[in-house]
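Since the structure comes first, as structure tokens, the remarks are kept for the end.
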Amino acid sequence: MSATLQIPVQVQGLESPKHKGAFERLSSLTFPTYRDEVWRRTDPENVKPEGQAVVAPKSSFGMLKGEAVPAGVTLEAIEKGQEFIFSVAPVAKTNLFDALNGSVYQGGAFLKVGKDVSTGEQALFVHHHFEGKGMAAPRSYLEVGAGSSVTLVEYFTSDDPEMLAIPSVEVDVKAGAKFRYVFVNLWNNTARVVPTVHAKVEKDAHFEMLFAGFGTKLTKAFFESDLIGEGAKSELLGIVLGQGRQHYDMDAQQNHRVGKTVSDVLCHVALTDRARSVFAGNILCEPGAQQIDGYQQNRNLLLSDKARADSMPRLEIEANDVRCTHGASFATYDRDQKFYLQARGLTAYEAEHLLVTGFFAAVVERMDHEAVGEWLAEKLEAKMQAALGKTK
Amino acid sequence: MSETPLLVIKNLHASVDGKPILRGLDLTVNRGEIHALMGPNGSGKSTLSNVICGHPNYEVTEGEIHFMGQNITEMEPDERAKLGIFLAFQYPTSIPGVTLANFLLASVKAIRGADNVKLLPFRKELVAQMQELGINQDFAKRYVNEGFSGGEKKRCEILQMAMLKPALAILDETDSGLDIDALRIVSEGVNRLTTPEMGVLVITHYQRLLNHIKPHKVHVLVHGRIVQSGGPEIALQLEENGYDELLKAHGLEPAGV
Amino acid sequence: MSSDAALLEEIGQDYKYGFHDNDEKYVYKSSKGLTREIVETISKQKNEPQWMLERRLEALEIFNSKPMPEWGSDLSEIDFSDIHYFMKANEGVEKSWDDVPEYIKKTFDRLGIPEAERKFLAGVSAQYDSEVVYHSIREDLEKLGVIFLDMDSGLKEYPEIVQKYFGTIIPSIDNKFAALNTAVWSGGSFIVVPAGVKVEIPLQAYFRINAQNMGQFERTLIIAQPGSSVHYIEGCTAPIYASDSLHSAVVELIAEEGSTIRYTTIQNWSNNVFNLVTKRAYAYKNATVEWIDGNLGSKITMKYPAVHLMEEGARGEVLSIAYAGKGQHQDAGAKMVHLAPNTASTVLSKSISRDGGRTSYRGLVKVAPDAHNVRVNVRCDALLLDDKSRSDTYPYMEIDNKDVQVGHEATVSKIGDEQLFYLMSRGLSENDAIAMIVNGFFEPFIKELPMEYAVELNRLIQLEMEGSIG
């Protein structure tokens, strides 16, 4: 297995120390193989960069419903926030795709929210659209200041069916802040995507991320949260709909670095056709991190005989005053529910559609943000119809 | 018989997670007396029962608790139980995998001394007490409080009281969750088990239990302090007027606001 | 109940039966290390057919070519060149208990296998080091046509059956330690239950390691023919030694149509033993296989009893407990591989870590593409008794069919404050209260053991007086 990685020629900005650091890290790493535990179920050869040029996105920055961005919020292209990159995840520890991103990134969002700012019922909104062939490597740095309460939707789309995308996101939720972050993975239906989202959650802060994975041929996602202050809470919500031969592989790592912290992972996956999913979660409680609550739940709704779901919800607990649970379930439609709906006059398709909608709504509702919930439902509806229409 | 009072509580202050609940409570219970402690929600009734028994989550910040002349303020819960203090819990916890019979055997051995407990008499006594309380013998083989209804839990608490024969029984909201028949059975059980050597502290929100277990003295707890003491007539007044006036008189918002 | 606390203290502490024979009266003892010559000598000593020698040699090559597993526990301390691979305590297999050498009997006495229990046993196959020294089969078992032999005798007396099934469930290439076992196996049980025969009394065997640096590589094969049922029990105890020991068994079960096999293990190796065991069963149409697995000793255990549900209606169950004390790592779990429709499996795993011990649940649930109407229920509960200990859960679920109901739940927690206070308010000391909660925690396992075997386990975890009322 060749371990050499061809770096895209268009390495820009290497003069900055951060870029250099990322490039050095990248140079020290060998490309993974399927023998690596993390890549056992997704062959890394399928997402290997092959010297494609990096494509810059067309991005818009604003509010979900066009309102004015509140005072105290800086939301613009990442190029304005270069100095902050690799401040959440030290470059020395980053994975290969994140290091590659750090070396070559173009585009992405820079969010800096001051103290005690609230977006309330509204939501910040960023849309990155990638046109043309190449590799997408957007990088976002999102920082929410102490005491603020902010919601952001970051929406990724692309044209190129061959596209390889390696977005990286760094999140810093400062003391007492609440940050709702919605990552909308709606790339071209045949794109290959390796997102890395790394969050640092400080004292009494609350990070709530929703990952909506409804597109792409292959997604191998890395989500990691470090709970570094007492009272911190990290919630990772996931909704994934796979159809055709789409492949979703998600790594959800919750690190309880200190005591009195809470993590809660809820991932609902529905698969039709020959779609495949992998959920690998881990709750890590470090020695001495007492009074931990950790929850991890992965539910899989299998809608076709050929679909396959793997689940590995792990726990690594080295403190005793903990309450950690995880669960995983696999099932198809509840026959009684479907029958009940059909007995009330719904067609099989309508009944299934309703059940899948409900399956995802249970996760989205946890976020408790009406405007974002509605927007998402609308975006996902077409994908749902396409996926479910074919299962009949 | 000693002249020493059974239970003496002096200027008791206690808090949970640094939050003060009891703020200078005084109470004396003598042998042969039944005391009722009444009070609105949040007044500190359950805190008092937990503190008397030594629950580790409650911190005594000031004052003392004496039992039969001994300062027990710092004692472990099991040491207090061995001295003869018994708490019938408001919400008895379940112990999966441990049968009621085995639990009671261990407990009776701990309190009477292992050498004083022979298996056969123990079984006979347990069966007899279960019959008295109308508890099906199958319960002996069931896991402690697991899957028990509210009423079954309360009856099993009284069964434990019967087996452990305490000097002081504290009944914490034993009437809650009981229908009228269960209330009668439980009350009859308590009355049957109460001897002139014993003291009983009945903690209750409502007066109805006191129709069955007649207290000699009634105390009213408000905001962590006993604000009124007297005879059974106090309970009737409270039943009539509720707690609101009392709360207002002490500068507190009525419950439910 | 005060003895509970004492017993809890005992669990996982230095092994009580930490003695060994003063003079090592072994008739034959191989030199340390593993070579082709050793394997040939083992085979020759046992007078084995040529095909078995070939199997052994082939396995040896596989063992040498396979790397050490890098997952699970740290096995780097095992020095394969510092182990005796074969030892024979006396010549031939004893016909009756009277012929068993006195010093070996004494060892069993000191291990505390009670006289009354021996009488109760259907047949005692007590493995002393590598060879079976005593073997008796009750007459009524013989009348039923049940074959219950040590594996060496099984190979001699029923070579065709052994040749047909040996290594078919767990081939040498399965893993490094299965290969090692195949190369140097000695002893173990060979059981064939004829069609329709229900063996009412559990078949029991005791194994132990003795002699410094002695590997023990027993090999067990159980075949339950259609409609039969059998319950096999093994208990392991071993004296303590200064250097590390290796126990690497292979157990193959074949449950033919409509049969039931229950395999119970109470494993209490001394705290220096590496216990690396491969156990797997094939369950055919409407057959049931149950692994009841108690892991209480050893330095490192890696053991994941598996059931392959081969045909419709097959059922698999794993019920296991693990206790890890100081310096111990119990890496145990279960594998349920559903290869046929209408199959069901359940896994219940309970573990306790204390005093720096580590327990890991590692499990696999696999549902093949054609296996519809499959039900799987996995539950793992872990208790951590102090802040030095560790618990991990590593489940793997691979579900390739939609028509399934697969559920997995796991919890890790400490002993509840409210439970502790409740018991203490009834006069139990903190230690007694903890012991009682621990007993209750393991209760779902203990109640599955036959009464006389629960008594055996009582030395470690005091059982309460179940059913003593009324």
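Chain labels A, B, ... are given in the sequence in which chains occur in the structure tokens; within each chain residues are numbered consecutively from 1, and ligands are likewise numbered from 1 in the order shown.
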Closest atom pairs, residues of chain C within 8 Å of chain A, only C-alpha atoms, as JSON lines:
{"residue": "C:Pro369", "atom": "CA", "partner": "A:Lys306", "partner_atom": "CA", "distance": 7.0}
{"residue": "C:Leu384", "atom": "CA", "partner": "A:Asn320", "partner_atom": "CA", "distance": 5.1}
{"residue": "C:Leu385", "atom": "CA", "partner": "A:Asn320", "partner_atom": "CA", "distance": 6.6}
{"residue": "C:Asp386", "atom": "CA", "partner": "A:Asn320", "partner_atom": "CA", "distance": 5.5}
{"residue": "C:Asp387", "atom": "CA", "partner": "A:Asn320", "partner_atom": "CA", "distance": 4.8}
{"residue": "C:Lys388", "atom": "CA", "partner": "A:Ala319", "partner_atom": "CA", "distance": 6.9}
{"residue": "C:Ser389", "atom": "CA", "partner": "A:Glu318", "partner_atom": "CA", "distance": 6.0}
{"residue": "C:Arg390", "atom": "CA", "partner": "A:Glu318", "partner_atom": "CA", "distance": 4.4}
{"residue": "C:Ser391", "atom": "CA", "partner": "A:Ile317", "partner_atom": "CA", "distance": 5.1}
{"residue": "C:Asp392", "atom": "CA", "partner": "A:Glu316", "partner_atom": "CA", "distance": 4.3}
{"residue": "C:Thr393", "atom": "CA", "partner": "A:Leu315", "partner_atom": "CA", "distance": 4.8}
{"residue": "C:Tyr394", "atom": "CA", "partner": "A:Arg314", "partner_atom": "CA", "distance": 4.8}
{"residue": "C:Pro395", "atom": "CA", "partner": "A:Met312", "partner_atom": "CA", "distance": 5.2}
{"residue": "C:Tyr396", "atom": "CA", "partner": "A:Met312", "partner_atom": "CA", "distance": 4.7}
{"residue": "C:Met397", "atom": "CA", "partner": "A:Ser311", "partner_atom": "CA", "distance": 4.9}
{"residue": "C:Glu398", "atom": "CA", "partner": "A:Asp310", "partner_atom": "CA", "distance": 4.2}
{"residue": "C:Ile399", "atom": "CA", "partner": "A:Ala309", "partner_atom": "CA", "distance": 5.1}
{"residue": "C:Asp400", "atom": "CA", "partner": "A:Arg308", "partner_atom": "CA", "distance": 4.2}
{"residue": "C:Asn401", "atom": "CA", "partner": "A:Asp305", "partner_atom": "CA", "distance": 5.3}
{"residue": "C:Lys402", "atom": "CA", "partner": "A:Leu302", "partner_atom": "CA", "distance": 4.7}
{"residue": "C:Asp403", "atom": "CA", "partner": "A:Thr332", "partner_atom": "CA", "distance": 5.8}
{"residue": "C:Val404", "atom": "CA", "partner": "A:Ala331", "partner_atom": "CA", "distance": 5.2}
{"residue": "C:Gln405", "atom": "CA", "partner": "A:Ala331", "partner_atom": "CA", "distance": 4.9}
{"residue": "C:Val406", "atom": "CA", "partner": "A:Phe330", "partner_atom": "CA", "distance": 4.9}
{"residue": "C:Gly407", "atom": "CA", "partner": "A:Ser329", "partner_atom": "CA", "distance": 4.3}
{"residue": "C:His408", "atom": "CA", "partner": "A:Ala328", "partner_atom": "CA", "distance": 4.9}
{"residue": "C:Glu409", "atom": "CA", "partner": "A:Gly327", "partner_atom": "CA", "distance": 4.2}
{"residue": "C:Ala410", "atom": "CA", "partner": "A:His326", "partner_atom": "CA", "distance": 5.2}
{"residue": "C:Thr411", "atom": "CA", "partner": "A:Thr325", "partner_atom": "CA", "distance": 4.2}
{"residue": "C:Val412", "atom": "CA", "partner": "A:Cys324", "partner_atom": "CA", "distance": 5.1}
{"residue": "C:Ser413", "atom": "CA", "partner": "A:Arg323", "partner_atom": "CA", "distance": 4.9}
{"residue": "C:Lys414", "atom": "CA", "partner": "A:Asn320", "partner_atom": "CA", "distance": 5.6}
List as JSON, numbers by chain the protein and nucleic acid residues near C:Trp185, meaning an atom at most 7 Å away when only C-alpha atoms are counted, but skip any in the same chain fewer than 5 places from it. {"C": [217, 218, 219]}
Tell me, which residues of stretch 77-311 of chain A carry DSSP strand (DSSP E or B), written as a PyMOL selection string? chain A and resi 77+109-113+118+124-130+135-136+139-144+149-158+164-165+168-173+178-185+192-193+196-201+206-213+218-227+233-242+247-256+262-271+276-285+292-302+308-311
Output as a PyMOL selection string all residues of stretch 139-221 of chain C that backbone DSSP marks as alpha helix (DSSP H). chain C and resi 139-144+151-157+159-165+176-184
Okay, now the selection with N, CA and C atoms, as a compact mmCIF listing (two decimals), in the first residue's frame?
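Output (part_26.txt):
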# COMPACT_ATOMS: atom_id res chain seq x y z
N GLU C 139 -22.47 -44.91 35.31
CA GLU C 139 -22.99 -46.02 34.51
C GLU C 139 -24.19 -45.64 33.67
N ASP C 140 -25.06 -44.83 34.27
CA ASP C 140 -26.28 -44.52 33.50
C ASP C 140 -25.97 -43.68 32.26
N LEU C 141 -24.91 -42.90 32.32
CA LEU C 141 -24.51 -42.16 31.13
C LEU C 141 -24.08 -43.13 30.03
N GLU C 142 -23.33 -44.14 30.45
CA GLU C 142 -22.89 -45.15 29.49
C GLU C 142 -24.08 -45.85 28.87
N LYS C 143 -25.04 -46.15 29.71
CA LYS C 143 -26.24 -46.83 29.20
C LYS C 143 -26.95 -45.97 28.15
N LEU C 144 -26.92 -44.68 28.37
CA LEU C 144 -27.58 -43.78 27.41
C LEU C 144 -26.77 -43.63 26.12
N MET C 151 -10.08 -35.76 25.91
CA MET C 151 -9.91 -35.64 24.46
C MET C 151 -8.89 -36.65 23.92
N ASP C 152 -7.87 -36.93 24.71
CA ASP C 152 -6.86 -37.89 24.24
C ASP C 152 -7.48 -39.27 24.05
N SER C 153 -8.28 -39.68 25.04
CA SER C 153 -8.96 -40.98 24.92
C SER C 153 -9.97 -40.95 23.79
N GLY C 154 -10.62 -39.79 23.64
CA GLY C 154 -11.59 -39.65 22.55
C GLY C 154 -10.93 -39.89 21.21
N LEU C 155 -9.75 -39.36 21.04
CA LEU C 155 -9.03 -39.54 19.78
C LEU C 155 -8.66 -41.02 19.56
N LYS C 156 -8.29 -41.69 20.66
CA LYS C 156 -7.94 -43.11 20.56
C LYS C 156 -9.16 -43.96 20.24
N GLU C 157 -10.25 -43.70 20.96
CA GLU C 157 -11.40 -44.59 20.86
C GLU C 157 -12.34 -44.26 19.71
N PRO C 159 -11.58 -42.24 16.66
CA PRO C 159 -10.77 -41.41 15.76
C PRO C 159 -11.57 -40.81 14.60
N GLU C 160 -12.56 -41.58 14.09
CA GLU C 160 -13.31 -41.07 12.92
C GLU C 160 -14.11 -39.83 13.31
N ILE C 161 -14.77 -39.91 14.48
CA ILE C 161 -15.59 -38.75 14.89
C ILE C 161 -14.68 -37.54 15.12
N VAL C 162 -13.59 -37.78 15.79
CA VAL C 162 -12.69 -36.66 16.07
C VAL C 162 -12.16 -36.07 14.77
N GLN C 163 -11.76 -36.94 13.87
CA GLN C 163 -11.19 -36.45 12.61
C GLN C 163 -12.24 -35.66 11.82
N LYS C 164 -13.50 -36.09 11.92
CA LYS C 164 -14.55 -35.43 11.15
C LYS C 164 -14.82 -34.00 11.67
N TYR C 165 -14.75 -33.82 12.99
CA TYR C 165 -15.19 -32.53 13.55
C TYR C 165 -14.07 -31.64 14.08
N LYS C 176 -4.12 -16.66 16.31
CA LYS C 176 -2.81 -17.14 16.74
C LYS C 176 -2.92 -18.16 17.87
N PHE C 177 -3.82 -17.91 18.81
CA PHE C 177 -3.88 -18.78 19.98
C PHE C 177 -4.64 -20.07 19.70
N ALA C 178 -5.58 -20.02 18.76
CA ALA C 178 -6.22 -21.26 18.33
C ALA C 178 -5.19 -22.13 17.62
N ALA C 179 -4.29 -21.50 16.87
CA ALA C 179 -3.23 -22.24 16.19
C ALA C 179 -2.29 -22.87 17.22
N LEU C 180 -1.93 -22.08 18.23
CA LEU C 180 -1.05 -22.60 19.29
C LEU C 180 -1.68 -23.82 19.95
N ASN C 181 -2.97 -23.68 20.30
CA ASN C 181 -3.66 -24.78 20.95
C ASN C 181 -3.66 -26.03 20.06
N THR C 182 -3.93 -25.82 18.78
CA THR C 182 -4.00 -26.97 17.88
C THR C 182 -2.65 -27.66 17.78
N ALA C 183 -1.59 -26.88 17.85
CA ALA C 183 -0.25 -27.46 17.73
C ALA C 183 0.12 -28.29 18.96
N VAL C 184 -0.29 -27.86 20.13
CA VAL C 184 0.23 -28.49 21.35
C VAL C 184 -0.87 -28.99 22.29
Long-range neighbours of stretch 250-266 of chain C as a count of residues only, 8 Å cut-off, only C-alpha atoms, 5 positions minimum in chain: 47
